[in-house]
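Engineer: Right, I'll just put the structure down here and ask away after.
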Amino acid sequence: MYAIILAGGSGSRLWPLSRELYPKQLIAIHGNKSLLQSTVKRLNNIVDDEKILCITNIKHANDVKFQLRQIECNGKVISEPMGKNTAPAIACAVEYIKQNSDKDEEIIVLPSDHLVKDTIAFENTIKKVQSLAQKGYIVTCGITPAYPETGYGYIKCSTPVDEGYNVEHFVEKPDENTAVKYIKEGCYYWNSGIFCAKCSVWSEQIKKHAPLIAQNSESLNFTDTLSISFKVYENMPNISIDYALMEKADKTAMVVLESDWNDLGSWQSIYDVKEKDKDGNVIEGNVIAKNVKNSLIYSAKKLVAVSGLEDVILVETEDAVMACKKEESQKVKELYDNIAADNLSTKTVHKTVFRPWGYYTCLAEGEGYLTKIISVSPKQKLSIQSHNHRSEHWVVLEGDALVVLDGKDYTLHAGQSIDIPLKAVHSLQNPYDRELRIIEVQKGDYISEDDIIRYEDAYGRV
């Protein structure tokens, strides 16, 4: 069986912890692995890792590749030039499998941002899903609803089939009264977003019910690349797999997911899965809390002191603070969408950005300049690169730096500096045993992380 992991996302619902360039699937929310890594690990006994295919926005591709390498997964990463929702993403990934396999195997599609703790029960469910898929069904996993949730789509089931049920129809997110009605009727399940079918069934059903998506995806050639052509993708409709296919598919079935499940789609859901103290609080980071109950208080950097609060979410990061009533946490996305243009960086990226070689923190920026502190871990190095629009000035704060500049090596110690001219080929390296920290001042007419031309890279980002 193949697995397609949908690893895109905007980072809107868990802002400010998640950002556009570092969405929740890349964050270790529960345990020491990111949600993406946990999704891959759940498949260990189900799918060979070379048959795992992650599809993500080109902005996240390098981070996804790095996280796969961290857990020694040999899966592939397909990059989308823009976000077009789940139907085009799945169709393109299916097309990749068609072009690279001569067998008509099952393909399971999973989101990358769900939390599942009981992996044995999860595996048992997926085996049932695969068995039904082998009989020509498109199979989905349904979640037994614990309460009348209005943030999920629902699946209505009818007659039993093998170890599952025939699907009568899919239902969009209901209002509260309708959700209560669904719970009482007992034949409605939450839509998990997990789907499975044989490769030929995926291809036939997409061609029948989403012909424009099929036409565009079939025009792709994955012989020499894992990147999707912009010219092809811009012609794709922006539509979910539920709308494009599942609501119209000819032969659909559902298997009840036996394991626990949480889509971590809001700060309320983060609160629900975290361990709580005697007052029902989740307290993380540098926090002083007095007379606080049933709340989530998170501090990434600063001291947060709170008193007399109940049923609230308060999240502090280096550059933003978000507070809301716990019951209003679904509306954080509205805050994210309304962030003014002059706060675009707060919406897009953290001040501290982690990279395979270490991390950097933005200190100050303005028209034509940006100042960072760069920290390079021992025995690590940045790529050999150049910039078309900016020069750089480096000052060593701690440790020793090996600087490669236009083919020559320079060793710098604390207090020494060097200029990196416009378009010069260069690399900052730390072959030593202690951490290297420098200040970098960028100056130019265009200051952006996409002004990087890589020539060699230890982390496969060329």
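Going through the structure tokens in order, the chains are called A, B, and so on, while each chain numbers its residues from 1 and the ligands are numbered from 1 in the order shown.
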Enumerate the residues of region 244-409 of chain A with a DSSP assignment of alpha helix (DSSP H), computed from the backbone, and present them as a list in words.

Structural biologist: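 Answer for region 244-409 of chain A, restricted to alpha helix (DSSP H): Trp267, Gln268, Ser269, Ile270, Tyr271, Asp272, Val273, Val332, Lys333, Glu334, Leu335, Tyr336, Asp337, Leu344, Ser345, Thr346, Lys347 and Thr348 of chain A.
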
Engineer: Include C-alpha atoms and write out the residues we just selected as a short mmCIF file (atom, residue, chain, number, x, y, z; two decimals), in the first residue's frame.

Structural biologist:
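File out17.cif, as written:
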```cif
data_model
loop_
_atom_site.label_atom_id
_atom_site.label_comp_id
_atom_site.auth_asym_id
_atom_site.auth_seq_id
_atom_site.Cartn_x
_atom_site.Cartn_y
_atom_site.Cartn_z
CA TRP A 267 -6.40 25.87 21.20
CA GLN A 268 -9.35 24.22 22.97
CA SER A 269 -8.28 20.87 21.49
CA ILE A 270 -4.68 21.47 22.61
CA TYR A 271 -6.01 22.11 26.12
CA ASP A 272 -8.07 18.91 25.96
CA VAL A 273 -5.09 16.62 25.20
CA VAL A 332 -8.46 32.52 16.37
CA LYS A 333 -8.44 31.97 12.60
CA GLU A 334 -10.47 35.18 12.24
CA LEU A 335 -7.81 37.06 14.21
CA TYR A 336 -5.14 35.56 11.97
CA ASP A 337 -7.03 36.59 8.83
CA LEU A 344 2.65 40.54 7.96
CA SER A 345 5.83 39.04 9.43
CA THR A 346 3.94 38.18 12.64
CA LYS A 347 1.48 36.23 10.52
CA THR A 348 4.13 34.53 8.42
#
```

Engineer: Applying 9 Å and only C-alpha atoms, which residues near region 17-23 of chain A remain after dropping the ones on its own chain fewer than 2 positions away? List them as number ranges by chain.

Structural biologist: A: 8-15, 25-27, 59-60, 63, 300, 315-317, 346-350, 353

Engineer: Restricting the output to N, CA and C atoms, write the selected residues as an mmCIF file, in the first residue's frame.

Structural biologist:
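Here's the written file again04.cif:
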```cif
data_model
loop_
_atom_site.group_PDB
_atom_site.id
_atom_site.type_symbol
_atom_site.label_atom_id
_atom_site.label_comp_id
_atom_site.auth_asym_id
_atom_site.auth_seq_id
_atom_site.Cartn_x
_atom_site.Cartn_y
_atom_site.Cartn_z
ATOM 1 N N GLY A 8 0.409 20.216 3.838
ATOM 2 C CA GLY A 8 0.319 21.665 3.649
ATOM 3 C C GLY A 8 -0.300 22.302 4.881
ATOM 4 N N GLY A 9 -0.780 23.533 4.752
ATOM 5 C CA GLY A 9 -1.434 24.204 5.883
ATOM 6 C C GLY A 9 -0.899 25.601 6.075
ATOM 7 N N SER A 10 -1.753 26.457 6.611
ATOM 8 C CA SER A 10 -1.399 27.875 6.719
ATOM 9 C C SER A 10 -0.983 28.292 8.124
ATOM 10 N N GLY A 11 -1.218 27.447 9.123
ATOM 11 C CA GLY A 11 -0.849 27.816 10.483
ATOM 12 C C GLY A 11 -1.800 28.789 11.147
ATOM 13 N N SER A 12 -3.036 28.886 10.643
ATOM 14 C CA SER A 12 -3.937 29.944 11.114
ATOM 15 C C SER A 12 -4.632 29.622 12.427
ATOM 16 N N ARG A 13 -5.011 28.376 12.654
ATOM 17 C CA ARG A 13 -5.881 28.073 13.790
ATOM 18 C C ARG A 13 -5.134 27.986 15.117
ATOM 19 N N LEU A 14 -3.810 27.783 15.072
ATOM 20 C CA LEU A 14 -3.030 27.748 16.308
ATOM 21 C C LEU A 14 -2.054 28.913 16.357
ATOM 22 N N TRP A 15 -2.384 30.006 15.658
ATOM 23 C CA TRP A 15 -1.583 31.218 15.768
ATOM 24 C C TRP A 15 -1.681 31.735 17.219
ATOM 25 N N GLN A 25 1.646 21.181 11.661
ATOM 26 C CA GLN A 25 2.143 19.836 11.397
ATOM 27 C C GLN A 25 3.656 19.712 11.562
ATOM 28 N N LEU A 26 4.359 20.853 11.568
ATOM 29 C CA LEU A 26 5.812 20.837 11.752
ATOM 30 C C LEU A 26 6.221 21.034 13.211
ATOM 31 N N ILE A 27 5.243 21.213 14.090
ATOM 32 C CA ILE A 27 5.520 21.524 15.494
ATOM 33 C C ILE A 27 5.321 20.282 16.363
ATOM 34 N N LYS A 59 6.901 26.214 -0.057
ATOM 35 C CA LYS A 59 7.455 26.971 1.069
ATOM 36 C C LYS A 59 7.835 26.063 2.243
ATOM 37 N N HIS A 60 7.183 24.896 2.337
ATOM 38 C CA HIS A 60 7.431 23.989 3.460
ATOM 39 C C HIS A 60 8.252 22.773 3.058
ATOM 40 N N ASP A 63 11.541 21.962 4.980
ATOM 41 C CA ASP A 63 11.291 21.558 6.368
ATOM 42 C C ASP A 63 10.730 20.139 6.434
ATOM 43 N N ALA A 300 6.457 31.390 25.560
ATOM 44 C CA ALA A 300 7.628 30.936 24.820
ATOM 45 C C ALA A 300 8.893 31.639 25.286
ATOM 46 N N VAL A 315 -1.568 32.846 25.020
ATOM 47 C CA VAL A 315 -0.360 32.326 24.379
ATOM 48 C C VAL A 315 0.576 33.477 24.069
ATOM 49 N N GLU A 316 1.810 33.394 24.582
ATOM 50 C CA GLU A 316 2.834 34.417 24.317
ATOM 51 C C GLU A 316 3.954 33.818 23.491
ATOM 52 N N THR A 317 4.321 34.503 22.400
ATOM 53 C CA THR A 317 5.536 34.181 21.654
ATOM 54 C C THR A 317 6.397 35.436 21.635
ATOM 55 N N THR A 346 4.500 38.872 11.484
ATOM 56 C CA THR A 346 3.937 38.182 12.644
ATOM 57 C C THR A 346 2.992 37.067 12.212
ATOM 58 N N LYS A 347 2.380 37.236 11.074
ATOM 59 C CA LYS A 347 1.482 36.228 10.525
ATOM 60 C C LYS A 347 2.249 35.104 9.833
ATOM 61 N N THR A 348 3.425 35.438 9.316
ATOM 62 C CA THR A 348 4.126 34.531 8.422
ATOM 63 C C THR A 348 5.163 33.666 9.111
ATOM 64 N N VAL A 349 5.974 34.279 9.972
ATOM 65 C CA VAL A 349 7.140 33.560 10.488
ATOM 66 C C VAL A 349 7.450 34.017 11.908
ATOM 67 N N HIS A 350 8.056 33.137 12.690
ATOM 68 C CA HIS A 350 8.517 33.491 14.033
ATOM 69 C C HIS A 350 9.776 34.339 13.954
ATOM 70 N N VAL A 353 13.789 31.270 14.016
ATOM 71 C CA VAL A 353 13.493 30.268 12.991
ATOM 72 C C VAL A 353 14.537 29.160 13.097
#
```

Engineer: Could you pull out the strand (DSSP E or B) residues of region 145-306 of chain A, going by DSSP on the backbone, and write them as a VMD selection string?

Structural biologist: chain A and resid 154 to 161 164 to 171 188 to 198 227 252 to 256 262 282 to 284 287 to 290 293 296 to 299 304 to 306

Engineer: Rounded to one decimal in Å, what is the spacing between CA of His426 (chain A) and CA of Val403 (chain A)?

Structural biologist: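 Those two atoms sit 7.2 Å apart.
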
Engineer: Restricting the calculation to only C-alpha atoms, which member of A:Gln385, A:Ser34, A:Ser200, A:Asn191 is positioned closest to Asp450 (chain A)?

Structural biologist: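 Answer, going by the shortest atom-to-atom distance: A:Gln385.
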
Engineer: Can you tell me which residues surround Ser131 (chain A) at a distance of at most 12 Å, considering only C-alpha atoms, apart from same-chain residues fewer than 2 positions away, and format the answer as a ChimeraX atom specification?

Structural biologist: /A:1,105-108,124-129,133-139,161-164,196-198,253-255

Engineer: What does the file look like for those residues with C-alpha atoms, as an mmCIF file, in the first residue's frame?

Structural biologist:
```
data_model
loop_
_atom_site.group_PDB
_atom_site.id
_atom_site.type_symbol
_atom_site.label_atom_id
_atom_site.label_comp_id
_atom_site.auth_asym_id
_atom_site.auth_seq_id
_atom_site.Cartn_x
_atom_site.Cartn_y
_atom_site.Cartn_z
ATOM 1 C CA MET A 1 0.000 0.000 0.000
ATOM 2 C CA GLU A 105 -2.083 -0.973 -5.153
ATOM 3 C CA GLU A 106 -4.201 0.705 -2.496
ATOM 4 C CA ILE A 107 -3.424 4.339 -1.677
ATOM 5 C CA ILE A 108 -4.322 5.726 1.734
ATOM 6 C CA ASN A 124 -6.205 -2.514 13.186
ATOM 7 C CA THR A 125 -8.603 0.012 11.678
ATOM 8 C CA ILE A 126 -6.390 0.699 8.669
ATOM 9 C CA LYS A 127 -6.161 -3.035 7.914
ATOM 10 C CA LYS A 128 -9.973 -3.133 7.733
ATOM 11 C CA VAL A 129 -9.941 -0.026 5.545
ATOM 12 C CA ALA A 133 -10.524 -0.801 -0.579
ATOM 13 C CA GLN A 134 -9.315 -4.002 -2.243
ATOM 14 C CA LYS A 135 -12.973 -4.681 -3.132
ATOM 15 C CA GLY A 136 -13.301 -1.470 -5.136
ATOM 16 C CA TYR A 137 -14.612 0.953 -2.501
ATOM 17 C CA ILE A 138 -13.340 4.383 -1.644
ATOM 18 C CA VAL A 139 -13.157 3.956 2.113
ATOM 19 C CA VAL A 161 -20.623 -4.006 4.575
ATOM 20 C CA ASP A 162 -17.919 -6.406 5.819
ATOM 21 C CA GLU A 163 -16.347 -4.648 8.850
ATOM 22 C CA GLY A 164 -17.685 -1.235 7.875
ATOM 23 C CA CYS A 196 -8.294 4.837 0.925
ATOM 24 C CA ALA A 197 -8.865 3.275 -2.502
ATOM 25 C CA LYS A 198 -7.011 1.330 -5.158
ATOM 26 C CA ALA A 253 -17.754 2.862 2.593
ATOM 27 C CA MET A 254 -16.756 3.844 6.117
ATOM 28 C CA VAL A 255 -14.895 2.038 8.881
#
```

Engineer: Pick out the residues sitting within 9 Å of Glu318 (chain A), and hand them over as a list in words; count only C-alpha atoms, and ignore anything fewer than 6 positions along from it in its own chain.

Structural biologist: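 Near Glu318 (chain A), the qualifying residues are Ser299, Ala300, Lys301, Lys302, His350, Lys351 and Thr352 of chain A.
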
Engineer: Convert the current residue selection to file output with N, CA and C atoms, as a PDB file, in the first residue's frame.

Structural biologist:
```
ATOM      1  N   SER A 299       3.894  30.367  27.630  1.00  0.00           N
ATOM      2  CA  SER A 299       4.894  31.406  27.411  1.00  0.00           C
ATOM      3  C   SER A 299       6.097  30.810  26.694  1.00  0.00           C
ATOM      4  N   ALA A 300       6.457  31.390  25.560  1.00  0.00           N
ATOM      5  CA  ALA A 300       7.628  30.936  24.820  1.00  0.00           C
ATOM      6  C   ALA A 300       8.893  31.639  25.286  1.00  0.00           C
ATOM      7  N   LYS A 301       8.775  32.873  25.784  1.00  0.00           N
ATOM      8  CA  LYS A 301       9.968  33.663  26.065  1.00  0.00           C
ATOM      9  C   LYS A 301       9.819  34.499  27.342  1.00  0.00           C
ATOM     10  N   LYS A 302       8.865  35.399  27.334  1.00  0.00           N
ATOM     11  CA  LYS A 302       8.741  36.383  28.409  1.00  0.00           C
ATOM     12  C   LYS A 302       8.056  35.779  29.641  1.00  0.00           C
ATOM     13  N   HIS A 350       8.056  33.137  12.690  1.00  0.00           N
ATOM     14  CA  HIS A 350       8.517  33.491  14.033  1.00  0.00           C
ATOM     15  C   HIS A 350       9.776  34.339  13.954  1.00  0.00           C
ATOM     16  N   LYS A 351      10.038  35.097  15.026  1.00  0.00           N
ATOM     17  CA  LYS A 351      11.307  35.819  15.099  1.00  0.00           C
ATOM     18  C   LYS A 351      12.482  34.847  15.164  1.00  0.00           C
ATOM     19  N   THR A 352      12.314  33.752  15.882  1.00  0.00           N
ATOM     20  CA  THR A 352      13.332  32.702  15.906  1.00  0.00           C
ATOM     21  C   THR A 352      12.905  31.584  14.966  1.00  0.00           C
TER      22      THR A 352
END
```
